[in-house]
Amino acid sequence: MWIKAFHIIAVIAWMAGMLYLPRLFFYHCDAPPGTTESERFKTMEARLQRIIVNPAMIAVWILGLTLVQIPASGGPKQGWLMLNFCW
């Protein structure tokens, strides 16, 4: 159950970062190029991706593949996994 809980937390963190990133891009487009505000948005975008989005995405994949391999969670015997890959 811990793996499943951490998987859900990682999915939420990943999606929160992915939903916030376009907002930063939108505000960045409104800032004049070369200003301190533009540079601040560049830093914020890079930090969001490097510190939150990328580690959360990696955690989602690792924990998700781990959940598939655990026999108690049903593993590959469930048809949903093959349906997701073939869809």
# chains A, B, ... in the order shown; residues from 1 in each chain; ligands from 1
call {"tool": "residues_around", "arguments": {"residues": "region 50-63 of chain A", "least_positions_apart": "5", "cutoff": "7 Å", "atoms": "only C-alpha atoms", "output": "list in words"}}
result
Ile3, His7, Ala10, Val11, Ala13, Trp14, Gly17 and Met18 of chain A
call {"tool": "select_by_dssp", "arguments": {"residues": "region 10-53 of chain A", "states": "alpha helix (DSSP H)", "output": "count of residues only"}}
result
33
call {"tool": "residues_around", "arguments": {"residues": "His28 (chain A)", "least_positions_apart": "6", "cutoff": "9 Å", "atoms": "only C-alpha atoms", "output": "JSON list (two decimals) with N, CA, C and O atoms, in the first residue's frame"}}
result
[["chain", "number", "residue", "atom", "x", "y", "z"],
["A", 37, "GLU", "N", 12.34, 40.67, -15.01],
["A", 37, "GLU", "CA", 11.13, 39.86, -14.89],
["A", 37, "GLU", "C", 11.19, 38.65, -15.83],
["A", 37, "GLU", "O", 10.84, 37.53, -15.44],
["A", 38, "SER", "N", 11.66, 38.85, -17.04],
["A", 38, "SER", "CA", 11.80, 37.76, -18.00],
["A", 38, "SER", "C", 12.81, 36.73, -17.50],
["A", 38, "SER", "O", 12.58, 35.52, -17.60],
["A", 39, "GLU", "N", 13.90, 37.20, -16.95],
["A", 39, "GLU", "CA", 14.92, 36.28, -16.41],
["A", 39, "GLU", "C", 14.38, 35.52, -15.20],
["A", 39, "GLU", "O", 14.70, 34.35, -15.00],
["A", 40, "ARG", "N", 13.58, 36.17, -14.39],
["A", 40, "ARG", "CA", 12.98, 35.52, -13.23],
["A", 40, "ARG", "C", 12.06, 34.38, -13.69],
["A", 40, "ARG", "O", 12.07, 33.30, -13.10],
["A", 41, "PHE", "N", 11.27, 34.63, -14.73],
["A", 41, "PHE", "CA", 10.38, 33.58, -15.23],
["A", 41, "PHE", "C", 11.18, 32.42, -15.82],
["A", 41, "PHE", "O", 10.80, 31.25, -15.66],
["A", 42, "LYS", "N", 12.28, 32.70, -16.49],
["A", 42, "LYS", "CA", 13.14, 31.62, -17.00],
["A", 42, "LYS", "C", 13.64, 30.75, -15.86],
["A", 42, "LYS", "O", 13.64, 29.52, -15.95]]
call {"tool": "atom_distance", "arguments": {"atom1": "CA of Gln49 (chain A)", "atom2": "CA of Asp30 (chain A)"}}
result
20.4 Å
call {"tool": "atom_distance", "arguments": {"atom1": "CA of Met15 (chain A)", "atom2": "CA of Arg47 (chain A)"}}
result
15.6 Å
call {"tool": "closest_residue", "arguments": {"among": "A:Cys29, A:Leu24, A:Val68, A:Ile8", "to": "Thr43 (chain A)", "atoms": "only C-alpha atoms"}}
result
A:Leu24
call {"tool": "atom_distance", "arguments": {"atom1": "CA of Pro22 (chain A)", "atom2": "CA of Thr36 (chain A)"}}
result
19.7 Å
